[in-house]
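Since the structure comes first, as structure tokens, the remarks are kept for the end.
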There are 2 protein chains.
Amino acid sequence: MNTIKSYIDANKNRFLSELVELLKIPSISADSAYKEDVLKTAEAIKESLHKAGCDHVEICETPGYPIVFGEKIIDENLPTVLVYGHYDVQPPDPLDLWDSPPFEPVIKPTDIHPEGAIFARGSCDDKGQMYMHVKAMEYMTETGQLPCNVKFMIEGEEEVGSESLAWFVPRNKEKLANDVILISDTGMIANDIPSITTGLRGLSYVEVEVTGPNRDLHSGLYGGAVANPINVLTKMIASLHDENNHITIPGFYDKVEVLSKEERAEMAKAPFSLEAYKDALDIEAVYGEEGYTTNERNSIRPTLDVNGIWGGYIGEGAKTVIASKAYAKISMRLVPNQDWEEITQLFQTHFESIAPKGVRVKVNPHHGGQGYVTPIDSIGYQAASKAYEETFGKVPIPQRSGGSIPIVSLFEQELESKTILMGFGLNSDAIHSPNEHFGVWNYLKGIETIPWFYKHFTELKSK
Amino acid sequence: MNTIKSYIDANKNRFLSELVELLKIPSISADSAYKEDVLKTAEAIKESLHKAGCDHVEICETPGYPIVFGEKIIDENLPTVLVYGHYDVQPPDPLDLWDSPPFEPVIKPTDIHPEGAIFARGSCDDKGQMYMHVKAMEYMTETGQLPCNVKFMIEGEEEVGSESLAWFVPRNKEKLANDVILISDTGMIANDIPSITTGLRGLSYVEVEVTGPNRDLHSGLYGGAVANPINVLTKMIASLHDENNHITIPGFYDKVEVLSKEERAEMAKAPFSLEAYKDALDIEAVYGEEGYTTNERNSIRPTLDVNGIWGGYIGEGAKTVIASKAYAKISMRLVPNQDWEEITQLFQTHFESIAPKGVRVKVNPHHGGQGYVTPIDSIGYQAASKAYEETFGKVPIPQRSGGSIPIVSLFEQELESKTILMGFGLNSDAIHSPNEHFGVWNYLKGIETIPWFYKHFTELKSK
């Protein structure tokens with residue numbers, strides 16, 4: 001594996017231009033207007049896996065967007081690594097906040113990326129991080145150093161709930177059989193502080209609808225005399241947190257994993273500048289659950305956030321109307337041991353119970369997924385840790401992430417293997433936001449580090 | 001005036017078809033796409049005033065939509081009645097809730113209108129009610145019974161705040177000089193319970209904006225750790241009412257007129273069925289300020305209602321985003337003695353003061369107007385009361401309305417005359433809502449009653 005650095009130096013421009021081409025295709029899975037582009041992206045991924053040395057590549061049809069599968073089996077007695085990633089991207093809106101068009105990638109200098117960053121939707125989440133694996137594969141096969149079997153499963157619906165993947169995995173257990181699953185769809189603390197994500201939060205996403213009078217009313221004639229669905233909705237949502245920002249849904253915290261003092265002290269060692277955090281977001285103060293630090297609030301604690309709200313007249317100017325209906329999209333991030341279906345049920349029961357007379361409430365569960373924790377004493381974690389040590393020169397910090405990759409617990413259940421989350425993005429990469437980017441240095445460092453994982457995993461596994 | 005009934009019988013079909021033609025023009029002042037239609041409506045009104053017997057008619061230009069003016073001066077020594085109305089209409093959305101297209105008027109039977117009702121946007125508010133005055137004028141001039149001078153001032157921006165009227169009135173005091181102002185833009189209790197509106201609520205309309213982080217964030221990575229502008233906005237709005245639904249803005253109630261027990265007892269005599277009210281709106285319970293009845297809540301008490309709210313992802317499906325900004329449109333209905341500019345200031349100061357650290361709040365005052373009360377011992381009120389007695393066979397009940405016609409207090413200030421609100425609509429007419437309608441019986445009863453006002457006003461005035 002010692003030739004990886006020189007291989008990257010020799011091929012750097014090609015690695016970048018190949019990624020740029022991939023980023024030009026607007027593979028927005030949430031918007032059916034982009035269907036052709038999503039399918040075109042799947043074809044491009046299949047082609048790149050073939051070129052990277054996979055013996056067998058195929059586009060697997062599903063009820064939704066296809067899953068690209070590729071593999072190279074060198075010896076059935078050797079371990080098998082299954083790489084998961086996704087080729088779809090988030091919608092780019094609001095477009096006017098992008099400094100350059102989201103699907104016209106440009107490499108620009110930034111304050112924190114030594115070789116600049118690629119600005120484009122999907123650069124970090126997840127085309128850039130997924131493509132690191134394709135290029136690492138290319139290196140290992142080109143130089144005859146692939147130490148074990150590899151499978152790739154790259155899906156096109158991660159940004160819309162991975163429904164087709166949930167259909168595909170149980171139907172293809174043999175095809176997907178593996179010893180460990182490797183994913184790069186998370187971040188690390190900083191370029192000089194490598195970290196491995198060991199926990200993901202679960203998710204429950206619901207939509208609520210509050211109906212008051214059977215039609216929109218004149219706010220002069222009816223104002224003050226009937227329940228206004230928007231006022232009621234704000235009151236109901238506001239009541240979901242108490243004055244300490246604890247969530248008030250009965251039973252919500254019952255199964256929440258409580259970390260020991262020692263574990264929290266260990267977490268607190270991760271370097272973190274509250275000032276830099278506030279500056280980056282242009283906020284005067286952070287805000288959250290009493291008794292927890294910012295890093296705890298967005299990793300080991302569950303949350304409840306409104307992701308969207310609407311009702312009444314939202315055009316220009318004024319309309320003195322009392323709307324008949326008001327709506328909100330609400331998501332809860334969950335921690336290990338909280339069951340997303342149980343939490344969804346608790347939310348629904350509670351939300352319906354707090355509706356005042358005079359309105360009717362509907363809760364529509366959307367989707368969800370369980371949280372996940374990777375044990376740091378597993379072979380997979382140990383192999384990843386050694387890989388980072390080879391290329392960063394220091395042992396990575398295990399870190400819980402606040403995000404959710406619901407399919408990780410599906411993998412564990414269906415494929416009975418653990419997932420290792422080797423993320424090379426940074427929190428400031430603005431994924432899901434305008435001006436998403438991915439450091440050039442991070443992209444190349446990922447390509448450099450991944451082959452070492454294969455080497456150490458194969459060695460540890462054969463011990 | 002005794003021939004009015006037979007005149008109406010003879011001309012009923014024409015009166016209806018002329019109104020239908022007027023209702024076909026979509027004079028939506030809020031939407032500039034309808035500019036030509038708004039202007040076309042002004043022309044149609046001018047033409048109809050001319051035909052009804054005005055000596056002088058003109059389209060008066062303003063910074064916005066024009067004001068149609070018409071007059072017939074028969075003797076400068078006689079009193080002058082100024083009729084005000086508006087030819088613009090509310091936007092018709094949501095269109096899918098209309099049973100027939102809003103600008104294709106149809107006459108259909110209803111449960112409560114003896115001769116059916118005309119369904120169309122503007123049928124009641126205010127084209128239908130305004131046109132009653134045009135047809136009453138026609139009767140009086142055609143039959144040589146006009147007892148005094150008449151002026152008409154019909155504007156095209158009532159539904160968007162009457163800004164051009166506020167510009168026009170102070171510049172045309174002499175042209176508009178009058179002894180009493182007559183408006184039909186309100187309602188009455190029921191077809192067998194005539195009433196005259198003696199009070200209007202004032203209005204303060206504001207738009208608020210809450211800004212959190214400087215960009216939309218991924219709710220997994222940041223959820224729980226930063227102030228979510230939507231959650232914060234719901235909390236701030238919810239806090240504007242206490243558990244008894246009193247408004248919590250300091251000083252808000254300081255100048256609110258307190259009615260005596262006797263006055264409230266008098267009000268309570270107006271017939272009202274809570275069951276029928278709830279049934280009509282399809283609600284299980286009413287909702288409002290503790291200690292007041294439904295009729296008090298929407299007339300003598302001030303209110304605060306959210307008219308629109310929006311923020312975050314409101315499209316189909318799910319997006320796990322923490323929005324950078326959230327917005328709401330909020331209106332307060334005010335009662336006599338509350339000054340709308342002072343209340344707007346109190347709102348702004350309070351709303352800014354309750355913002356938690358971690359967000360920034362902007363309050364943009366929109367527009368407003370003062371409340372108004374007509375003394376029931378004035379000649380104008382007495383003349384109107386007698387007119388109703390002539391045609392309904394009973395004395396009308398004086399009634400406070402919850403709505404606002406901000407220009408009424410402007411008229412009092414600039415033209416130094418009182419306004420009489422002779423409304424012939426019903427609360428169930430769905431003004432500002434889908435399926436707005438106006439009873440055929442009510443339309444004709446208005447035309448019948450108005451000439452009697454002229455007769456009695458002229459007689460009382462000359463005493």
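Every chain in the structure tokens takes a letter, A first, then B, and so on in the order presented; its residues are numbered from 1, and the ligands are numbered from 1 following the presented order.
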Once you count only C-alpha atoms, which residues of chain B turn out to be within 6 Å of chain A? Could you give them as number ranges by chain?
B: 213-214, 216, 218, 220-227, 234-235, 238, 281-288, 294, 297-298, 303, 307-314, 321-322, 357-358, 402-403, 432-433
How about saving the chosen residues, N, CA and C atoms kept, as a compact mmCIF listing (two decimals), in the first residue's frame?
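Below is the file out-v1.txt, written as the result:
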```
# COMPACT_ATOMS: atom_id res chain seq x y z
N PRO B 213 -29.59 30.62 12.33
CA PRO B 213 -28.28 30.49 11.69
C PRO B 213 -28.29 31.17 10.32
N ASN B 214 -27.09 31.46 9.82
CA ASN B 214 -26.98 32.23 8.58
C ASN B 214 -27.30 31.42 7.33
N ASP B 216 -29.54 27.54 5.89
CA ASP B 216 -30.29 26.33 6.24
C ASP B 216 -29.28 25.26 6.67
N HIS B 218 -28.42 21.15 8.24
CA HIS B 218 -28.82 19.74 8.30
C HIS B 218 -29.32 19.48 9.71
N GLY B 220 -29.79 16.86 11.30
CA GLY B 220 -29.10 15.82 12.06
C GLY B 220 -27.86 16.37 12.73
N LEU B 221 -27.10 17.13 11.97
CA LEU B 221 -25.83 17.63 12.50
C LEU B 221 -26.03 18.77 13.48
N TYR B 222 -27.08 19.57 13.30
CA TYR B 222 -27.26 20.75 14.15
C TYR B 222 -28.50 20.68 15.03
N GLY B 223 -29.37 19.71 14.76
CA GLY B 223 -30.64 19.62 15.50
C GLY B 223 -30.41 19.50 16.99
N GLY B 224 -31.06 20.36 17.77
CA GLY B 224 -30.92 20.30 19.23
C GLY B 224 -29.84 21.20 19.77
N ALA B 225 -28.96 21.70 18.87
CA ALA B 225 -27.82 22.48 19.36
C ALA B 225 -27.91 23.96 19.02
N VAL B 226 -28.77 24.32 18.07
CA VAL B 226 -28.95 25.74 17.74
C VAL B 226 -30.45 26.05 17.79
N ALA B 227 -30.75 27.33 17.98
CA ALA B 227 -32.15 27.76 17.99
C ALA B 227 -32.72 27.54 16.59
N THR B 234 -42.81 29.62 16.86
CA THR B 234 -44.04 29.05 17.44
C THR B 234 -44.11 29.38 18.93
N LYS B 235 -42.96 29.33 19.59
CA LYS B 235 -42.92 29.62 21.02
C LYS B 235 -43.27 31.09 21.28
N ALA B 238 -46.99 31.59 20.51
CA ALA B 238 -47.81 30.94 21.54
C ALA B 238 -47.84 31.79 22.81
N LEU B 281 -69.75 26.22 11.08
CA LEU B 281 -68.30 26.18 10.89
C LEU B 281 -67.74 24.77 11.04
N ASP B 282 -68.63 23.83 11.40
CA ASP B 282 -68.21 22.44 11.60
C ASP B 282 -67.12 22.33 12.67
N ILE B 283 -67.35 23.02 13.79
CA ILE B 283 -66.41 22.94 14.91
C ILE B 283 -67.14 22.40 16.14
N GLU B 284 -66.37 21.72 16.98
CA GLU B 284 -66.96 21.08 18.15
C GLU B 284 -67.14 22.10 19.28
N ALA B 285 -66.29 23.10 19.29
CA ALA B 285 -66.35 24.09 20.37
C ALA B 285 -65.83 25.43 19.88
N VAL B 286 -66.31 26.50 20.49
CA VAL B 286 -65.73 27.81 20.20
C VAL B 286 -64.50 27.96 21.10
N TYR B 287 -63.77 29.05 20.92
CA TYR B 287 -62.46 29.18 21.55
C TYR B 287 -62.19 30.67 21.64
N GLY B 288 -61.79 31.16 22.78
CA GLY B 288 -61.50 32.58 22.85
C GLY B 288 -61.26 33.04 24.27
N THR B 294 -69.20 34.61 22.80
CA THR B 294 -68.75 34.61 21.40
C THR B 294 -69.00 35.97 20.75
N ARG B 297 -66.54 38.43 22.11
CA ARG B 297 -65.17 38.16 21.65
C ARG B 297 -64.92 38.74 20.26
N ASN B 298 -65.93 38.69 19.40
CA ASN B 298 -65.67 39.19 18.05
C ASN B 298 -66.24 40.58 17.80
N THR B 303 -58.30 41.36 19.54
CA THR B 303 -57.81 40.00 19.26
C THR B 303 -56.42 40.05 18.65
N ASN B 307 -52.38 35.31 10.55
CA ASN B 307 -53.08 35.17 9.26
C ASN B 307 -52.29 34.32 8.27
N GLY B 308 -51.01 34.14 8.56
CA GLY B 308 -50.18 33.31 7.68
C GLY B 308 -48.89 32.99 8.39
N ILE B 309 -48.35 31.82 8.12
CA ILE B 309 -47.07 31.42 8.72
C ILE B 309 -46.33 30.57 7.70
N TRP B 310 -45.02 30.72 7.63
CA TRP B 310 -44.25 29.87 6.72
C TRP B 310 -42.77 29.85 7.09
N GLY B 311 -42.15 28.73 6.75
CA GLY B 311 -40.73 28.58 7.00
C GLY B 311 -40.31 27.16 6.71
N GLY B 312 -39.03 26.97 6.30
CA GLY B 312 -38.49 25.63 6.07
C GLY B 312 -39.03 24.98 4.81
N TYR B 313 -39.04 23.65 4.84
CA TYR B 313 -39.42 22.89 3.66
C TYR B 313 -40.92 22.61 3.69
N ILE B 314 -41.64 23.12 2.69
CA ILE B 314 -43.10 22.95 2.70
C ILE B 314 -43.58 22.23 1.45
N VAL B 321 -34.24 19.62 7.38
CA VAL B 321 -33.54 20.90 7.34
C VAL B 321 -33.92 21.73 8.56
N ILE B 322 -32.97 22.49 9.07
CA ILE B 322 -33.31 23.55 10.02
C ILE B 322 -33.21 24.84 9.23
N LYS B 357 -31.90 34.61 22.89
CA LYS B 357 -30.58 34.76 22.26
C LYS B 357 -30.43 33.64 21.25
N GLY B 358 -29.76 33.91 20.18
CA GLY B 358 -29.56 32.86 19.19
C GLY B 358 -30.44 33.08 17.97
N GLY B 402 -67.11 42.96 14.29
CA GLY B 402 -65.72 42.63 14.58
C GLY B 402 -64.78 43.08 13.50
N GLY B 403 -65.32 43.39 12.34
CA GLY B 403 -64.48 43.77 11.21
C GLY B 403 -63.94 45.18 11.32
N HIS B 432 -64.59 36.84 1.76
CA HIS B 432 -63.15 36.51 1.86
C HIS B 432 -62.90 35.00 1.78
N SER B 433 -63.94 34.20 1.61
CA SER B 433 -63.80 32.74 1.59
C SER B 433 -64.25 32.20 0.24
```
Based on DSSP run over this structure's backbone, return all residues of segment 207-288 of chain A in helix (DSSP H, G or I), as a ChimeraX atom specification.
/A:219-222,229-238,261-268,274-281
Keeping C-alpha atoms, export the residues of the selection given above as an mmCIF file, in the first residue's frame.
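Output (out.cif):
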```cif
data_model
loop_
_atom_site.group_PDB
_atom_site.id
_atom_site.type_symbol
_atom_site.label_atom_id
_atom_site.label_comp_id
_atom_site.auth_asym_id
_atom_site.auth_seq_id
_atom_site.Cartn_x
_atom_site.Cartn_y
_atom_site.Cartn_z
ATOM 1 C CA SER A 219 -60.488 37.562 10.663
ATOM 2 C CA GLY A 220 -62.603 40.597 11.521
ATOM 3 C CA LEU A 221 -65.882 38.767 11.769
ATOM 4 C CA TYR A 222 -64.538 35.619 13.422
ATOM 5 C CA PRO A 229 -55.550 26.662 13.484
ATOM 6 C CA ILE A 230 -52.241 28.516 13.075
ATOM 7 C CA ASN A 231 -52.314 29.973 16.591
ATOM 8 C CA VAL A 232 -53.300 26.567 17.931
ATOM 9 C CA LEU A 233 -50.512 24.835 15.983
ATOM 10 C CA THR A 234 -47.901 27.260 17.346
ATOM 11 C CA LYS A 235 -49.186 26.629 20.857
ATOM 12 C CA MET A 236 -49.118 22.850 20.407
ATOM 13 C CA ILE A 237 -45.613 22.875 18.925
ATOM 14 C CA ALA A 238 -44.337 25.298 21.571
ATOM 15 C CA LYS A 261 -19.795 10.682 33.726
ATOM 16 C CA GLU A 262 -16.676 9.021 32.401
ATOM 17 C CA GLU A 263 -18.104 8.590 28.901
ATOM 18 C CA ARG A 264 -19.194 12.220 28.823
ATOM 19 C CA ALA A 265 -15.762 13.303 30.058
ATOM 20 C CA GLU A 266 -14.178 11.257 27.257
ATOM 21 C CA MET A 267 -16.447 12.942 24.689
ATOM 22 C CA ALA A 268 -15.605 16.365 26.065
ATOM 23 C CA LEU A 274 -17.901 27.417 20.901
ATOM 24 C CA GLU A 275 -16.851 30.826 19.598
ATOM 25 C CA ALA A 276 -15.849 29.446 16.213
ATOM 26 C CA TYR A 277 -19.091 27.451 16.071
ATOM 27 C CA LYS A 278 -21.192 30.555 16.763
ATOM 28 C CA ASP A 279 -19.174 32.660 14.340
ATOM 29 C CA ALA A 280 -19.586 30.131 11.557
ATOM 30 C CA LEU A 281 -23.375 30.255 11.946
#
```
List as an MDAnalysis selection string the protein and nucleic acid residues near Gln382 of chain B, meaning an atom at most 12 Å away when only C-alpha atoms are counted, but skip any in the same chain fewer than 4 places from it.
chainID B and resid 196 198 374:378 386:389 395:398 420 422 452:461
Apply DSSP to the structure's backbone, then extract all residues of segment 253-435 of chain B labelled strand (DSSP E or B) and return them as an mmCIF file with C-alpha atoms, in the first residue's frame.
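For reference, out-v5.cif as written:
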```cif
data_model
loop_
_atom_site.group_PDB
_atom_site.id
_atom_site.type_symbol
_atom_site.label_atom_id
_atom_site.label_comp_id
_atom_site.auth_asym_id
_atom_site.auth_seq_id
_atom_site.Cartn_x
_atom_site.Cartn_y
_atom_site.Cartn_z
ATOM 1 C CA THR B 303 -57.806 40.004 19.265
ATOM 2 C CA LEU B 304 -54.523 38.742 17.890
ATOM 3 C CA ASP B 305 -54.562 36.233 15.052
ATOM 4 C CA VAL B 306 -51.899 34.730 12.847
ATOM 5 C CA ASN B 307 -53.083 35.165 9.265
ATOM 6 C CA GLY B 308 -50.184 33.308 7.682
ATOM 7 C CA ILE B 309 -47.069 31.421 8.716
ATOM 8 C CA TRP B 310 -44.252 29.868 6.719
ATOM 9 C CA GLY B 311 -40.727 28.581 7.004
ATOM 10 C CA GLY B 312 -38.491 25.634 6.067
ATOM 11 C CA VAL B 321 -33.540 20.901 7.343
ATOM 12 C CA ILE B 322 -33.308 23.554 10.020
ATOM 13 C CA LYS B 325 -35.644 31.962 8.670
ATOM 14 C CA ALA B 326 -39.298 31.710 9.652
ATOM 15 C CA TYR B 327 -42.089 34.218 9.027
ATOM 16 C CA ALA B 328 -45.607 35.080 10.119
ATOM 17 C CA LYS B 329 -48.271 37.630 9.254
ATOM 18 C CA ILE B 330 -50.129 38.698 12.378
ATOM 19 C CA SER B 331 -53.127 40.988 12.697
ATOM 20 C CA MET B 332 -54.665 42.525 15.771
ATOM 21 C CA ARG B 333 -58.279 43.681 15.763
ATOM 22 C CA LEU B 334 -58.622 46.694 18.037
ATOM 23 C CA ARG B 360 -32.713 37.908 15.486
ATOM 24 C CA VAL B 361 -36.225 39.272 15.067
ATOM 25 C CA LYS B 362 -37.610 41.847 12.654
ATOM 26 C CA VAL B 363 -41.116 43.291 12.923
ATOM 27 C CA ASN B 364 -42.405 45.007 9.792
ATOM 28 C CA PRO B 365 -45.579 47.023 10.399
ATOM 29 C CA HIS B 366 -47.884 46.589 7.424
ATOM 30 C CA HIS B 367 -50.926 48.795 7.762
ATOM 31 C CA GLY B 368 -53.688 49.593 10.183
ATOM 32 C CA GLY B 369 -56.596 51.772 11.130
ATOM 33 C CA TYR B 372 -64.984 53.488 15.185
ATOM 34 C CA VAL B 373 -68.303 53.972 16.956
ATOM 35 C CA ILE B 397 -80.756 46.350 16.618
ATOM 36 C CA PRO B 398 -77.572 48.415 16.962
ATOM 37 C CA GLN B 399 -74.629 46.024 16.721
ATOM 38 C CA ARG B 400 -70.859 46.174 17.007
ATOM 39 C CA THR B 419 -70.664 57.234 8.857
ATOM 40 C CA ILE B 420 -73.780 55.070 8.844
ATOM 41 C CA LEU B 421 -73.185 51.392 8.152
ATOM 42 C CA GLY B 425 -75.207 40.766 4.108
#
```
Could you name the residues that touch Ala177 of chain B at 7 Å or less, counting only C-alpha atoms, but leaving out those on the same chain fewer than 3 positions away, as a VMD selection string?
chain B and resid 173 to 174 415
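Nearest-residue note for Thr3 of chain B: choosing from B:Asn337, B:Ser195, B:Gln145, B:Ser32, the minimum distance belongs to B:Gln145, counting only C-alpha atoms.
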